[in-house]
Amino acid sequence: MRLAGKVALITGGASGIGLATVKKFIAEGAKVAVADIDATRAQEAVDTLPEGSAVAVGVNVSVFEEVEAAVQSTVDAFGKLDVIFNNAGIAGGKPLLDHDPAVDYHPMIRVDQDGVYYGILAAGRQFKKQGTGGVIISTSSIYGEQAAELAFSYGAAKAAVISFTRSAAYELAEYGVRAVAITPGRVGTPIINQFSDELKSLFASEQLRNKMTEPEEIANVVAFLASDEANVINGTVVHVDDGYSAF
Ligand code: NAD
């Protein structure tokens, strides 16, 4: 079990990539705080997991005090923090010239960008206090590295996640902390499943093997990145897009 004895905080843990990662981490021996703005669904997820392996934490990642409190709840429940997976996010967008900044820019930035910054800051302080090192994994996107239709705000936030990851690795190395960003392509989660079948088959065709990625396939990589086996992967981006970015 790769994550035996580790304690993780996973944001967006009630659904999709986050929930698959919660399950994988627990299967690998970790204890997990399942943090989500939807506290009810987070608790429902915890209720299906082995007793004592997880706790539900309600958090809005766009509020720093709530993220600090989520870190504290994790430590209260399991005694420490070893890994934070900054994964909570929202998607969507409009053509740039149709934007109302108050609707189409700031809310996205508050969740997908500020939320990751707050997670890195709060977890980084906890890692320093513990003196144990730690791992920060954050969910970017293929759109963090390339332009795409309807992704003006989302792409900006996801690009920031990559920059935060590099800077966090640089600034927190002296405390034994590693930071890695992942860039999923098209993953079959509620964010994507809301679209029409036609659009979903277009999404699948954008990946080299003409299939959408399952959330569990991303979770497998995140578990590896969180483990000591990935100790030399630091301050970088791991593409988990089944070839999307290769062509
Ligand atoms: P999802 O909708 O299944 O999960 C997102 C979770 O985040 C939900 O449980 C939601 O309640 C939670 N959340 C939303 N806003 C929050 C907030 N302010 N505070 C706390 N929790 C909040 O979607 P998913 O596809 O699993 O997305 C997970 C991450 O992966 C997101 O950051 C998303 O941008 C990223 N991503 C997804 C895809 C994809 O194809 N599905 C591709 C690239 C990147």
# chains A, B, ... in the order shown; residues from 1 in each chain; ligands from 1
$ residues_around --residues "Ala223 (chain A)" --least-positions-apart "6" --cutoff "10 Å" --atoms "only C-alpha atoms" --output "VMD selection string"
chain A and resid 2 to 3 21 to 22 24 to 28 30 137 229 to 230
$ residues_around --residues "region 148-159 of chain A" --least-positions-apart "4" --cutoff "8 Å" --atoms "only C-alpha atoms" --output "number ranges by chain"
A: 91-96, 104-105, 108-109, 112-113, 139-141, 143-144, 163
$ write_last_selection --atoms "C-alpha atoms" --output "compact mmCIF listing (two decimals), in the first residue's frame"
# COMPACT_ATOMS: atom_id res chain seq x y z
CA ALA A 91 -15.98 24.83 -15.67
CA GLY A 92 -17.82 26.68 -18.40
CA GLY A 93 -17.44 29.88 -20.33
CA LYS A 94 -18.68 32.28 -22.99
CA PRO A 95 -17.05 33.97 -25.97
CA LEU A 96 -14.84 36.77 -24.64
CA ASP A 104 -17.92 35.20 -16.51
CA TYR A 105 -14.51 36.03 -15.06
CA MET A 108 -14.27 31.33 -12.06
CA ILE A 109 -11.03 32.91 -10.85
CA ASP A 112 -10.29 27.63 -9.87
CA GLN A 113 -7.40 30.01 -9.19
CA THR A 139 -5.60 20.04 -10.86
CA SER A 140 -4.90 22.23 -13.86
CA SER A 141 -6.19 21.33 -17.33
CA TYR A 143 -6.60 24.52 -21.18
CA GLY A 144 -3.94 25.79 -18.78
CA SER A 163 2.63 28.76 -12.18
$ residues_near_ligand --ligand "ligand 1" --cutoff "7 Å" --atoms "only C-alpha atoms and all ligand atoms" --output "JSON, numbers by chain"
{"A": [11, 12, 13, 14, 15, 16, 17, 18, 35, 36, 37, 38, 59, 60, 61, 62, 87, 88, 89, 90, 91, 111, 112, 139, 140, 141, 142, 183, 184, 185, 186, 187, 188, 189, 190, 191, 192]}
$ atom_distance --atom1 "CA of Phe195 (chain A)" --atom2 "CA of Thr213 (chain A)"
15.4 Å
$ select_by_dssp --residues "region 41-245 of chain A" --states "strand (DSSP E)" --output "MDAnalysis selection string"
chainID A and resid 54:58 83:86 134:139 177:184 236:240
$ closest_residue --among "A:Gln43, A:Ser138, A:Ser73, A:Thr48" --to "Leu225 (chain A)" --atoms "only C-alpha atoms"
A:Ser138
$ closest_residue --among "A:Val34, A:Val67, A:Ala219, A:Val116" --to "Val46 (chain A)" --atoms "only C-alpha atoms"
A:Val34
$ residues_around --residues "Phe247 (chain A)" --least-positions-apart "2" --cutoff "12 Å" --atoms "only C-alpha atoms" --output "count of residues only"
10
$ residues_around --residues "Tyr170 (chain A)" --least-positions-apart "6" --cutoff "12 Å" --atoms "only C-alpha atoms" --output "list in words"
Ser163, Phe164, Gly176, Val177, Arg178, Ala179, Val180, Asn234, Gly235 and Thr236 of chain A
